[in-house]
$ cat input_1.cif   # mmCIF, C-alpha atoms and all ligand atoms
data_query
#
loop_
_atom_site.label_atom_id
_atom_site.label_comp_id
_atom_site.auth_asym_id
_atom_site.auth_seq_id
_atom_site.Cartn_x
_atom_site.Cartn_y
_atom_site.Cartn_z
CA MET I 1191 -117.30 46.27 113.00
CA ALA I 1192 -119.11 49.56 113.48
CA ASP I 1193 -116.72 51.05 116.03
CA ASP I 1194 -113.55 50.10 114.18
CA GLN I 1195 -111.43 53.13 113.44
CA PRO I 1196 -109.42 53.60 110.27
CA ALA I 1197 -105.71 53.10 110.98
CA TRP I 1198 -104.84 56.70 110.09
CA LYS I 1199 -106.81 57.92 113.12
CA ILE I 1200 -104.28 56.40 115.49
CA PRO I 1201 -101.08 58.41 115.20
CA PRO I 1202 -97.75 56.63 115.66
CA ILE I 1203 -95.48 57.36 118.61
CA VAL I 1204 -92.75 59.38 116.87
CA GLN I 1205 -90.02 58.15 119.18
CA GLU I 1206 -90.72 54.59 118.03
CA LEU I 1207 -90.95 55.64 114.42
CA THR I 1208 -87.66 57.51 114.40
CA ALA I 1209 -85.76 54.48 115.61
CA GLY I 1210 -86.56 52.63 112.40
CA VAL I 1211 -86.79 55.17 109.58
CA GLN I 1212 -84.26 56.88 107.32
CA GLU I 1213 -86.87 59.20 105.93
CA PRO I 1214 -89.96 60.65 107.63
CA PRO I 1215 -93.24 59.15 106.35
CA SER I 1216 -95.14 61.47 104.02
CA ARG I 1217 -97.74 62.25 106.72
CA TYR I 1218 -95.09 64.32 108.51
CA VAL I 1219 -93.88 66.29 105.51
CA VAL I 1220 -95.22 69.84 105.53
CA GLY I 1221 -96.33 71.78 102.44
CA GLU I 1222 -93.66 73.52 100.39
CA GLN I 1223 -94.36 77.04 101.72
CA ASP I 1224 -94.46 75.95 105.38
CA ARG I 1225 -91.11 74.21 105.40
CA PRO I 1226 -88.64 75.40 108.01
CA ALA I 1227 -85.92 75.52 105.34
CA MET I 1228 -87.94 78.04 103.32
CA ALA I 1229 -87.82 80.55 106.13
CA ALA I 1230 -84.52 80.11 107.92
CA ALA I 1231 -84.70 81.98 111.20
CA ALA I 1232 -84.06 85.66 110.65
CA ALA I 1233 -81.74 87.95 112.58
CA MET I 1234 -83.59 89.53 115.50
CA PRO I 1235 -84.69 93.13 114.97
CA GLU I 1236 -84.25 93.51 118.74
CA PRO I 1237 -83.56 90.84 121.34
CA ILE I 1238 -86.38 89.17 123.24
CA PRO I 1239 -86.26 90.99 126.59
CA ILE I 1240 -85.15 89.26 129.76
CA VAL I 1241 -87.38 90.43 132.60
CA ASP I 1242 -86.46 90.07 136.26
CA LEU I 1243 -89.67 89.02 138.01
CA SER I 1244 -88.28 89.79 141.47
CA ARG I 1245 -88.22 93.45 140.43
CA LEU I 1246 -91.84 93.33 139.36
CA SER I 1247 -92.99 91.85 142.62
CA ALA I 1248 -90.93 93.98 145.01
CA ASN I 1249 -92.92 94.79 148.16
CA ASP I 1250 -92.39 98.50 147.83
CA GLY I 1251 -93.93 98.55 144.35
CA ALA I 1252 -92.70 97.44 140.98
CA ASP I 1253 -89.50 98.77 139.50
CA ASP I 1254 -90.36 101.25 136.73
CA ASP I 1255 -87.54 100.19 134.41
CA GLU I 1256 -88.46 96.55 134.67
CA THR I 1257 -92.13 97.35 134.10
CA ALA I 1258 -91.19 99.33 131.00
CA LYS I 1259 -89.13 96.40 129.77
CA LEU I 1260 -92.07 94.07 130.29
CA LEU I 1261 -94.38 96.40 128.40
CA SER I 1262 -92.01 96.63 125.46
CA ALA I 1263 -91.58 92.83 125.45
CA LEU I 1264 -95.32 92.33 125.34
CA GLN I 1265 -95.86 94.93 122.67
CA ASN I 1266 -93.07 93.75 120.40
CA TRP I 1267 -93.12 90.00 120.94
CA GLY I 1268 -96.04 88.93 123.11
CA LEU I 1269 -93.48 87.05 125.19
CA PHE I 1270 -90.38 87.45 127.34
CA LEU I 1271 -87.75 85.43 129.14
CA ALA I 1272 -88.25 85.49 132.90
CA VAL I 1273 -85.40 85.43 135.41
CA GLY I 1274 -85.60 86.19 139.14
CA HIS I 1275 -88.46 83.69 139.27
CA GLY I 1276 -87.33 82.11 142.50
CA MET I 1277 -86.64 78.57 141.26
CA ASP I 1278 -83.03 77.57 141.54
CA PRO I 1279 -81.15 76.00 138.63
CA GLY I 1280 -80.89 72.66 140.43
CA PHE I 1281 -84.66 72.42 140.67
CA LEU I 1282 -85.21 73.31 137.01
CA THR I 1283 -82.66 70.64 136.11
CA GLU I 1284 -84.58 68.15 138.23
CA MET I 1285 -87.84 69.03 136.43
CA MET I 1286 -86.08 68.49 133.10
CA GLU I 1287 -84.57 65.22 134.28
CA VAL I 1288 -87.87 63.67 135.33
CA THR I 1289 -89.37 64.83 132.02
CA ARG I 1290 -86.61 63.14 130.04
CA GLY I 1291 -86.78 60.20 132.41
CA PHE I 1292 -90.42 59.65 131.50
CA PHE I 1293 -89.87 59.78 127.73
CA ASN I 1294 -86.88 57.44 128.07
CA LEU I 1295 -89.03 54.71 129.64
CA PRO I 1296 -89.90 51.62 127.60
CA LEU I 1297 -92.96 52.12 125.39
CA ASP I 1298 -95.20 49.72 127.33
CA GLU I 1299 -94.55 51.64 130.55
CA LYS I 1300 -95.49 54.96 128.89
CA GLN I 1301 -98.54 53.42 127.25
CA LYS I 1302 -100.03 52.87 130.71
CA TYR I 1303 -100.82 56.58 130.48
CA SER I 1304 -101.98 56.59 126.86
CA ASN I 1305 -104.30 59.34 125.62
CA LEU I 1306 -106.18 56.69 123.67
CA ALA I 1307 -108.73 55.13 125.98
CA ASN I 1308 -109.19 51.45 125.07
CA GLY I 1309 -106.44 51.96 122.53
CA LYS I 1310 -108.61 54.09 120.24
CA GLU I 1311 -110.73 56.85 121.81
CA PHE I 1312 -108.80 60.06 121.91
CA ARG I 1313 -108.88 62.03 125.15
CA PHE I 1314 -107.27 65.28 126.04
CA GLU I 1315 -105.03 64.01 128.81
CA GLY I 1316 -102.34 61.37 128.71
CA TYR I 1317 -99.39 60.26 126.62
CA GLY I 1318 -99.40 60.10 122.86
CA ASN I 1319 -100.11 62.48 120.07
CA ASP I 1320 -102.67 64.96 118.80
CA MET I 1321 -106.07 63.90 117.67
CA VAL I 1322 -106.10 63.06 113.96
CA LEU I 1323 -109.22 64.44 112.30
CA SER I 1324 -108.51 63.81 108.64
CA GLU I 1325 -106.38 61.49 106.59
CA ASP I 1326 -104.41 64.36 105.08
CA GLN I 1327 -103.61 66.07 108.40
CA VAL I 1328 -99.90 66.87 108.61
CA LEU I 1329 -98.54 65.27 111.77
CA ASP I 1330 -96.02 66.82 114.14
CA TRP I 1331 -92.66 65.25 114.93
CA CYS I 1332 -93.41 65.22 118.62
CA ASP I 1333 -94.77 63.00 121.39
CA ARG I 1334 -96.30 64.53 124.44
CA LEU I 1335 -97.74 63.95 127.87
CA TYR I 1336 -100.67 66.17 128.77
CA LEU I 1337 -101.78 66.45 132.41
CA THR I 1338 -104.12 68.69 134.36
CA VAL I 1339 -102.13 69.91 137.36
CA GLU I 1340 -104.59 72.32 139.02
CA PRO I 1341 -107.01 72.43 140.76
CA GLU I 1342 -106.44 69.35 142.89
CA SER I 1343 -110.03 68.18 142.32
CA ARG I 1344 -109.46 67.90 138.55
CA ILE I 1345 -106.24 65.91 138.69
CA VAL I 1346 -106.55 62.47 137.11
CA ARG I 1347 -104.18 60.54 139.35
CA SER I 1348 -104.16 57.43 137.19
CA LEU I 1349 -102.53 59.39 134.35
CA TRP I 1350 -99.63 60.69 136.42
CA PRO I 1351 -96.56 58.56 135.71
CA ALA I 1352 -95.30 56.33 138.52
CA GLN I 1353 -91.86 56.43 136.86
CA PRO I 1354 -89.45 58.07 137.32
CA PRO I 1355 -90.29 57.79 141.04
CA ALA I 1356 -89.73 61.51 141.71
CA PHE I 1357 -91.94 62.61 138.80
CA SER I 1358 -95.11 63.46 140.74
CA ASP I 1359 -93.40 65.21 143.66
CA VAL I 1360 -91.26 67.33 141.37
CA LEU I 1361 -94.25 68.22 139.20
CA ARG I 1362 -96.31 69.21 142.24
CA GLU I 1363 -93.57 71.44 143.53
CA TYR I 1364 -93.02 72.91 140.06
CA THR I 1365 -96.77 73.60 139.75
CA THR I 1366 -96.79 75.51 143.05
CA ARG I 1367 -93.77 77.57 142.09
CA CYS I 1368 -95.10 78.29 138.62
CA ARG I 1369 -98.37 79.53 140.05
CA GLU I 1370 -96.46 82.18 141.99
CA ILE I 1371 -94.80 83.24 138.75
CA ALA I 1372 -98.14 83.35 136.94
CA GLY I 1373 -99.50 85.51 139.78
CA VAL I 1374 -96.72 88.08 139.42
CA VAL I 1375 -97.07 88.19 135.65
CA LEU I 1376 -100.87 88.47 135.72
CA ALA I 1377 -100.74 91.28 138.29
CA SER I 1378 -98.27 93.14 136.07
CA LEU I 1379 -100.40 92.58 132.95
CA ALA I 1380 -103.42 94.03 134.75
CA ARG I 1381 -101.41 97.06 135.92
CA LEU I 1382 -100.09 97.68 132.41
CA LEU I 1383 -103.65 97.67 131.09
CA GLY I 1384 -104.69 100.21 133.73
CA LEU I 1385 -106.76 97.59 135.56
CA HIS I 1386 -106.89 96.64 139.21
CA GLU I 1387 -103.88 94.42 139.99
CA GLY I 1388 -106.10 91.50 141.00
CA ARG I 1389 -108.33 91.62 137.89
CA PHE I 1390 -106.87 88.52 136.20
CA VAL I 1391 -105.57 86.73 139.29
CA GLY I 1392 -109.07 86.92 140.77
CA MET I 1393 -110.58 85.19 137.75
CA MET I 1394 -108.09 82.39 138.11
CA SER I 1395 -108.27 81.65 141.81
CA ASP I 1396 -111.88 80.50 141.90
CA GLY I 1397 -110.91 76.89 142.54
CA VAL I 1398 -112.12 75.77 139.11
CA ALA I 1399 -109.71 77.52 136.73
CA MET I 1400 -107.41 74.83 135.38
CA THR I 1401 -103.71 74.60 134.70
CA HIS I 1402 -102.54 72.04 132.15
CA ALA I 1403 -98.99 70.79 131.74
CA ARG I 1404 -97.81 69.70 128.31
CA PHE I 1405 -94.53 67.80 128.26
CA ASN I 1406 -93.18 67.84 124.70
CA TYR I 1407 -90.62 65.37 123.41
CA TYR I 1408 -89.14 66.01 119.97
CA PRO I 1409 -87.12 63.00 118.82
CA ARG I 1410 -84.19 63.50 116.44
CA CYS I 1411 -85.55 63.96 112.96
CA PRO I 1412 -83.74 62.72 109.84
CA GLU I 1413 -85.13 65.58 107.74
CA PRO I 1414 -85.62 68.70 109.85
CA ASP I 1415 -85.98 70.84 106.70
CA ARG I 1416 -89.24 69.18 105.68
CA VAL I 1417 -90.83 68.33 109.02
CA LEU I 1418 -92.05 70.44 111.95
CA GLY I 1419 -91.84 69.49 115.62
CA LEU I 1420 -94.97 71.48 116.39
CA LYS I 1421 -97.12 73.31 113.86
CA PRO I 1422 -97.51 77.09 114.03
CA HIS I 1423 -100.07 77.95 116.70
CA SER I 1424 -100.84 80.37 119.45
CA ASP I 1425 -101.81 79.07 122.88
CA ALA I 1426 -105.44 78.96 124.04
CA SER I 1427 -104.32 79.98 127.53
CA VAL I 1428 -104.42 83.24 129.46
CA ILE I 1429 -100.65 82.95 129.75
CA THR I 1430 -98.20 80.08 129.26
CA VAL I 1431 -94.97 79.48 131.19
CA VAL I 1432 -92.49 77.28 129.32
CA LEU I 1433 -89.42 75.49 130.57
CA ILE I 1434 -87.37 75.14 127.40
CA ASP I 1435 -84.54 72.73 126.77
CA ASP I 1436 -81.32 74.35 127.97
CA ALA I 1437 -79.14 72.58 125.41
CA VAL I 1438 -81.08 72.39 122.14
CA GLY I 1439 -82.95 75.27 120.49
CA GLY I 1440 -86.06 74.79 118.38
CA LEU I 1441 -88.71 77.26 119.43
CA GLN I 1442 -89.43 79.97 116.88
CA VAL I 1443 -91.80 82.91 117.06
CA GLN I 1444 -93.37 85.49 114.77
CA LYS I 1445 -93.78 89.09 115.84
CA PRO I 1446 -97.50 89.59 116.51
CA ASN I 1447 -97.69 92.98 114.82
CA ASP I 1448 -95.78 92.01 111.68
CA ASP I 1449 -97.61 90.26 108.91
CA ASP I 1450 -94.44 89.29 107.09
CA GLY I 1451 -94.38 85.66 108.23
CA VAL I 1452 -90.76 85.92 109.41
CA TRP I 1453 -89.68 83.37 112.05
CA TYR I 1454 -87.22 84.23 114.81
CA ASP I 1455 -85.35 81.76 117.03
CA VAL I 1456 -86.07 82.06 120.74
CA PRO I 1457 -82.60 82.01 122.32
CA ILE I 1458 -81.60 79.69 125.12
CA VAL I 1459 -80.95 81.70 128.26
CA PRO I 1460 -79.84 79.40 131.09
CA ASN I 1461 -82.41 79.13 133.90
CA ALA I 1462 -84.82 81.55 132.28
CA LEU I 1463 -88.45 80.57 131.76
CA LEU I 1464 -90.34 81.70 128.72
CA VAL I 1465 -93.63 83.45 129.41
CA ASN I 1466 -96.05 84.14 126.57
CA VAL I 1467 -99.41 85.80 126.26
CA GLY I 1468 -102.18 83.42 125.18
CA ASP I 1469 -105.29 83.95 123.07
CA VAL I 1470 -107.53 84.53 126.12
CA THR I 1471 -105.46 87.54 127.16
CA GLU I 1472 -105.55 88.84 123.60
CA ILE I 1473 -109.36 88.60 123.69
CA MET I 1474 -109.78 90.03 127.21
CA SER I 1475 -107.36 92.89 126.52
CA ASN I 1476 -109.36 93.65 123.36
CA GLY I 1477 -106.20 93.13 121.31
CA LEU I 1478 -103.93 95.42 123.32
CA PHE I 1479 -101.74 92.41 124.09
CA ARG I 1480 -101.31 89.97 121.23
CA SER I 1481 -100.81 86.24 121.49
CA PRO I 1482 -97.74 85.30 119.43
CA VAL I 1483 -97.76 82.54 116.81
CA HIS I 1484 -94.94 80.11 117.49
CA ARG I 1485 -93.75 76.70 116.36
CA ALA I 1486 -91.02 74.18 117.13
CA VAL I 1487 -88.53 72.96 114.55
CA THR I 1488 -86.72 69.64 114.81
CA ASN I 1489 -83.11 68.70 114.80
CA ALA I 1490 -81.13 65.93 113.09
CA GLU I 1491 -78.52 65.64 115.86
CA SER I 1492 -80.38 65.89 119.15
CA ASP I 1493 -83.74 65.26 120.66
CA ARG I 1494 -85.34 68.07 122.64
CA VAL I 1495 -87.82 68.48 125.50
CA SER I 1496 -89.97 71.32 126.79
CA LEU I 1497 -92.66 71.73 129.41
CA ALA I 1498 -95.47 74.23 128.87
CA MET I 1499 -97.82 75.21 131.71
CA PHE I 1500 -101.08 76.62 130.35
CA TYR I 1501 -103.09 78.85 132.68
CA THR I 1502 -106.76 78.85 131.71
CA LEU I 1503 -110.06 80.10 133.15
CA ASP I 1504 -113.01 78.06 134.38
CA SER I 1505 -114.10 76.00 131.38
CA GLU I 1506 -117.68 77.33 131.50
CA LYS I 1507 -116.64 80.95 131.89
CA GLU I 1508 -117.37 83.43 129.16
CA ILE I 1509 -114.37 85.05 127.57
CA GLU I 1510 -114.76 88.45 125.97
CA PRO I 1511 -113.03 91.82 125.87
CA LEU I 1512 -113.13 93.36 129.36
CA PRO I 1513 -115.69 96.19 129.42
CA GLU I 1514 -113.04 98.57 130.82
CA LEU I 1515 -111.05 98.10 127.60
CA VAL I 1516 -113.87 98.71 125.14
CA ASP I 1517 -115.03 102.17 124.16
CA ASP I 1518 -116.03 104.17 121.09
CA LYS I 1519 -112.41 104.70 120.11
CA ARG I 1520 -111.59 101.05 120.59
CA PRO I 1521 -114.69 99.00 119.83
CA ARG I 1522 -114.75 95.34 120.76
CA ARG I 1523 -112.60 93.27 118.44
CA TYR I 1524 -113.50 89.75 119.55
CA ARG I 1525 -116.74 87.85 119.94
CA LYS I 1526 -117.79 86.20 123.16
CA THR I 1527 -116.82 82.54 123.67
CA THR I 1528 -116.18 80.17 126.57
CA THR I 1529 -112.95 78.43 127.56
CA LYS I 1530 -114.50 75.08 126.72
CA ASP I 1531 -115.73 76.10 123.28
CA TYR I 1532 -112.54 77.93 122.52
CA LEU I 1533 -110.36 74.94 123.41
CA ALA I 1534 -112.46 72.68 121.18
CA LEU I 1535 -112.15 75.22 118.36
CA LEU I 1536 -108.43 75.49 118.86
CA PHE I 1537 -107.81 71.76 118.71
CA GLU I 1538 -109.88 71.39 115.60
CA ARG I 1539 -108.27 74.33 113.81
CA PHE I 1540 -104.77 73.40 114.96
CA THR I 1541 -105.01 70.08 113.14
CA ARG I 1542 -105.63 72.02 109.93
CA GLY I 1543 -102.86 74.53 110.62
CA GLU I 1544 -105.39 77.34 111.16
CA ARG I 1545 -105.77 79.83 113.99
CA ALA I 1546 -108.74 79.69 116.38
CA LEU I 1547 -108.43 83.40 117.10
CA ASP I 1548 -109.39 84.23 113.52
CA ALA I 1549 -112.78 82.62 114.14
CA VAL I 1550 -113.66 85.00 117.00
CA LYS I 1551 -112.14 88.17 115.55
CA ILE I 1552 -114.60 90.86 114.57
CA ASP I 1553 -113.90 92.39 111.22
CA LEU I 1554 -113.70 96.13 111.85
CA ASN I 1555 -114.38 97.76 108.54
CA ASP I 1556 -114.47 101.23 109.95
CA ASP I 1557 -111.11 102.52 108.81
O1 LIG I 1601 -91.38 73.18 122.58
C1 LIG I 1601 -91.48 74.39 122.74
O2 LIG I 1601 -90.49 75.11 122.94
C2 LIG I 1601 -92.82 75.08 122.70
C3 LIG I 1601 -93.98 74.22 123.05
C4 LIG I 1601 -95.30 74.89 122.78
O3 LIG I 1601 -95.40 75.88 122.12
C5 LIG I 1601 -96.54 74.28 123.33
O4 LIG I 1601 -96.48 73.20 123.94
O5 LIG I 1601 -97.61 74.92 123.14
FE FE I 1602 -97.39 76.80 122.33
#

$ encode --input "input_1.cif" --output "structure tokens" --more "lines below"
Ligand SMILES: O=C(O)CCC(=O)C(=O)O
Ligand SMILES: [Fe+2]
Amino acid sequence: MADDQPAWKIPPIVQELTAGVQEPPSRYVVGEQDRPAMAAAAAMPEPIPIVDLSRLSANDGADDDETAKLLSALQNWGLFLAVGHGMDPGFLTEMMEVTRGFFNLPLDEKQKYSNLANGKEFRFEGYGNDMVLSEDQVLDWCDRLYLTVEPESRIVRSLWPAQPPAFSDVLREYTTRCREIAGVVLASLARLLGLHEGRFVGMMSDGVAMTHARFNYYPRCPEPDRVLGLKPHSDASVITVVLIDDAVGGLQVQKPNDDDGVWYDVPIVPNALLVNVGDVTEIMSNGLFRSPVHRAVTNAESDRVSLAMFYTLDSEKEIEPLPELVDDKRPRRYRKTTTKDYLALLFERFTRGERALDAVKIDLNDD
């Protein structure tokens, strides 16, 4: 039949797979040089800063020390751990519990929200795995649920889980609270770049800019040394806010300004949220803020969950270095693109383990 898909195009649900295997199938085994065991996490040259957001958003102006800490975090790591974000530990625990609650449901309940329409056509939103574009694509040891959470008009209700019963209410509340956090961070980013405080926030409050939530579930993996939970990537967002598992580590990051390929473990700091710069900010800031490459490793003893909130611009909007940040001394370093095109590029390149940003970088051969 003409529309029959080859079996390799439909990725397995890893959680189902792991229940029955002693050894990960070869499709999950990464190339020799990319194996987590080859590059055991290195000792930190300096800790990832913990930034108190309440000090950045103080009514009487931001605290200079905290702003300096944020700047150093962004310059050295492209990310930081945020405390003082206003969400209490009980609420973060609740968000984690409904996330786990969803992944712990029976398969047929989760499949009601499958990202394969009619069991075969891949779509961006829903439960399942990444699109498989080639037979030799290395698959990630991870299942996920992808949902658009903002604006209201773009929410696909039918893909929001009915179980656990509190899921939708908790996610809505979490979305509202996270938006406040994103607002504080974006205002600070603009200030640090010498821009008007509302420069980024304004672009993202037009009623069409979207926020996507990605719930990641990494089942226990029998061979964490040869398999990755999530391939190295940087996010296509403006910024990303991540709720990371408070019991099991796994997120690793490279320093954006080092080309040495060294991976560092992101520590678990109770009740802190991880905030990272995304590719769109790297482009708009003309490379002044870099989007860090990160990945998730797996674990033989415990499964792990995380929830990433991706803040993006209107999908039709052009993305390019802001004119205020381009001059003769610092010529533009990135080509113009749109959110929609960039996302498509990112998904395609991600499946091959390549970076989308490299495709829009301008080669400056002037030094
Ligand atoms: O699982 C994590 O800690 C990170 C997840 C992540 O990087 C993503 O979803 O883009
Ligand atoms: Fe990411």

$ residues_near_ligand --input "input_1.cif" --ligand "ligand FE 1602 (chain I)" --cutoff "10 Å" --atoms "all atoms listed in the file" --output "PDB file with C-alpha atoms, keeping the file's coordinate frame"
ATOM      1  CA  ARG I1404     -97.810  69.700 128.310  1.00  0.00           C
ATOM      2  CA  LEU I1420     -94.970  71.480 116.390  1.00  0.00           C
ATOM      3  CA  LYS I1421     -97.120  73.310 113.860  1.00  0.00           C
ATOM      4  CA  PRO I1422     -97.510  77.090 114.030  1.00  0.00           C
ATOM      5  CA  HIS I1423    -100.070  77.950 116.700  1.00  0.00           C
ATOM      6  CA  SER I1424    -100.840  80.370 119.450  1.00  0.00           C
ATOM      7  CA  ASP I1425    -101.810  79.070 122.880  1.00  0.00           C
ATOM      8  CA  ALA I1426    -105.440  78.960 124.040  1.00  0.00           C
ATOM      9  CA  SER I1427    -104.320  79.980 127.530  1.00  0.00           C
ATOM     10  CA  THR I1430     -98.200  80.080 129.260  1.00  0.00           C
ATOM     11  CA  VAL I1431     -94.970  79.480 131.190  1.00  0.00           C
ATOM     12  CA  VAL I1432     -92.490  77.280 129.320  1.00  0.00           C
ATOM     13  CA  LEU I1441     -88.710  77.260 119.430  1.00  0.00           C
ATOM     14  CA  VAL I1443     -91.800  82.910 117.060  1.00  0.00           C
ATOM     15  CA  ASN I1466     -96.050  84.140 126.570  1.00  0.00           C
ATOM     16  CA  GLY I1468    -102.180  83.420 125.180  1.00  0.00           C
ATOM     17  CA  PRO I1482     -97.740  85.300 119.430  1.00  0.00           C
ATOM     18  CA  VAL I1483     -97.760  82.540 116.810  1.00  0.00           C
ATOM     19  CA  HIS I1484     -94.940  80.110 117.490  1.00  0.00           C
ATOM     20  CA  ARG I1485     -93.750  76.700 116.360  1.00  0.00           C
ATOM     21  CA  ALA I1486     -91.020  74.180 117.130  1.00  0.00           C
ATOM     22  CA  LEU I1497     -92.660  71.730 129.410  1.00  0.00           C
ATOM     23  CA  ALA I1498     -95.470  74.230 128.870  1.00  0.00           C
ATOM     24  CA  MET I1499     -97.820  75.210 131.710  1.00  0.00           C
ATOM     25  CA  PHE I1500    -101.080  76.620 130.350  1.00  0.00           C
TER      26      PHE I1500
END

$ residues_around --input "input_1.cif" --residues "I:Met1286" --least-positions-apart "5" --cutoff "12 Å" --atoms "all atoms listed in the file" --output "count of residues only"
27

$ residues_around --input "input_1.cif" --residues "I:Ser1505" --least-positions-apart "5" --cutoff "7 Å" --atoms "only C-alpha atoms" --output "list in words"
Thr1528, Thr1529 and Lys1530 of chain I

$ residues_around --input "input_1.cif" --residues "I:Ser1475" --least-positions-apart "2" --cutoff "7 Å" --atoms "all atoms listed in the file" --output "list in words"
Thr1471, Glu1472, Ile1473, Gly1477, Leu1478, Phe1479, Pro1511, Leu1512 and Leu1515 of chain I

$ residues_near_point --input "input_1.cif" --point "(-103.2, 58.3, 137.2)" --cutoff "10 Å" --atoms "only C-alpha atoms" --output "PDB file with C-alpha atoms, in the coordinates of the input"
ATOM      1  CA  LYS I1302    -100.030  52.870 130.710  1.00  0.00           C
ATOM      2  CA  TYR I1303    -100.820  56.580 130.480  1.00  0.00           C
ATOM      3  CA  GLY I1316    -102.340  61.370 128.710  1.00  0.00           C
ATOM      4  CA  LEU I1337    -101.780  66.450 132.410  1.00  0.00           C
ATOM      5  CA  ILE I1345    -106.240  65.910 138.690  1.00  0.00           C
ATOM      6  CA  VAL I1346    -106.550  62.470 137.110  1.00  0.00           C
ATOM      7  CA  ARG I1347    -104.180  60.540 139.350  1.00  0.00           C
ATOM      8  CA  SER I1348    -104.160  57.430 137.190  1.00  0.00           C
ATOM      9  CA  LEU I1349    -102.530  59.390 134.350  1.00  0.00           C
ATOM     10  CA  TRP I1350     -99.630  60.690 136.420  1.00  0.00           C
ATOM     11  CA  PRO I1351     -96.560  58.560 135.710  1.00  0.00           C
ATOM     12  CA  ALA I1352     -95.300  56.330 138.520  1.00  0.00           C
TER      13      ALA I1352
END

$ atom_distance --input "input_1.cif" --atom1 "atom CA of I:Ile1509" --atom2 "atom CA of I:Thr1527"
5.2 Å

$ closest_atom_pairs --input "input_1.cif" --of "stretch 1193-1240 of chain I" --to "stretch 1264-1267 of chain I" --cutoff "12 Å" --atoms "all atoms listed in the file" --output "CSV"
residue,atom,partner,partner_atom,distance
I:Met1234,CA,I:Trp1267,CA,11.0
I:Pro1235,CA,I:Asn1266,CA,10.0
I:Glu1236,CA,I:Asn1266,CA,9.0
I:Pro1237,CA,I:Trp1267,CA,9.6
I:Ile1238,CA,I:Trp1267,CA,7.2
I:Pro1239,CA,I:Trp1267,CA,8.9
I:Ile1240,CA,I:Leu1264,CA,11.5

$ residues_around --input "input_1.cif" --residues "I:Val1204" --least-positions-apart "4" --cutoff "9 Å" --atoms "only C-alpha atoms" --output "PDB file with C-alpha atoms, keeping the file's coordinate frame"
ATOM      1  CA  THR I1208     -87.660  57.510 114.400  1.00  0.00           C
ATOM      2  CA  ALA I1209     -85.760  54.480 115.610  1.00  0.00           C
ATOM      3  CA  GLY I1318     -99.400  60.100 122.860  1.00  0.00           C
ATOM      4  CA  ASN I1319    -100.110  62.480 120.070  1.00  0.00           C
ATOM      5  CA  ASP I1330     -96.020  66.820 114.140  1.00  0.00           C
ATOM      6  CA  TRP I1331     -92.660  65.250 114.930  1.00  0.00           C
ATOM      7  CA  CYS I1332     -93.410  65.220 118.620  1.00  0.00           C
ATOM      8  CA  ASP I1333     -94.770  63.000 121.390  1.00  0.00           C
ATOM      9  CA  TYR I1408     -89.140  66.010 119.970  1.00  0.00           C
ATOM     10  CA  PRO I1409     -87.120  63.000 118.820  1.00  0.00           C
TER      11      PRO I1409
END

$ residues_near_point --input "input_1.cif" --point "(-105.9, 77.7, 115.8)" --cutoff "6 Å" --atoms "all atoms listed in the file" --output "short mmCIF file (atom, residue, chain, number, x, y, z; two decimals) with C-alpha atoms, in the frame of the given file"
data_model
loop_
_atom_site.label_atom_id
_atom_site.label_comp_id
_atom_site.auth_asym_id
_atom_site.auth_seq_id
_atom_site.Cartn_x
_atom_site.Cartn_y
_atom_site.Cartn_z
CA HIS I 1423 -100.07 77.95 116.70
CA LEU I 1536 -108.43 75.49 118.86
CA ARG I 1539 -108.27 74.33 113.81
CA PHE I 1540 -104.77 73.40 114.96
CA GLU I 1544 -105.39 77.34 111.16
CA ARG I 1545 -105.77 79.83 113.99
CA ALA I 1546 -108.74 79.69 116.38
#

$ atom_distance --input "input_1.cif" --atom1 "atom CA of I:Val1273" --atom2 "atom CA of I:Phe1390"
21.7 Å

$ atom_distance --input "input_1.cif" --atom1 "atom CA of I:Leu1503" --atom2 "atom CA of I:Met1400"
6.3 Å

$ closest_residue --input "input_1.cif" --among "I:Asn1294, I:Ser1481, I:Asp1504, I:Lys1519" --to "I:Leu1547" --atoms "all atoms listed in the file"
I:Ser1481
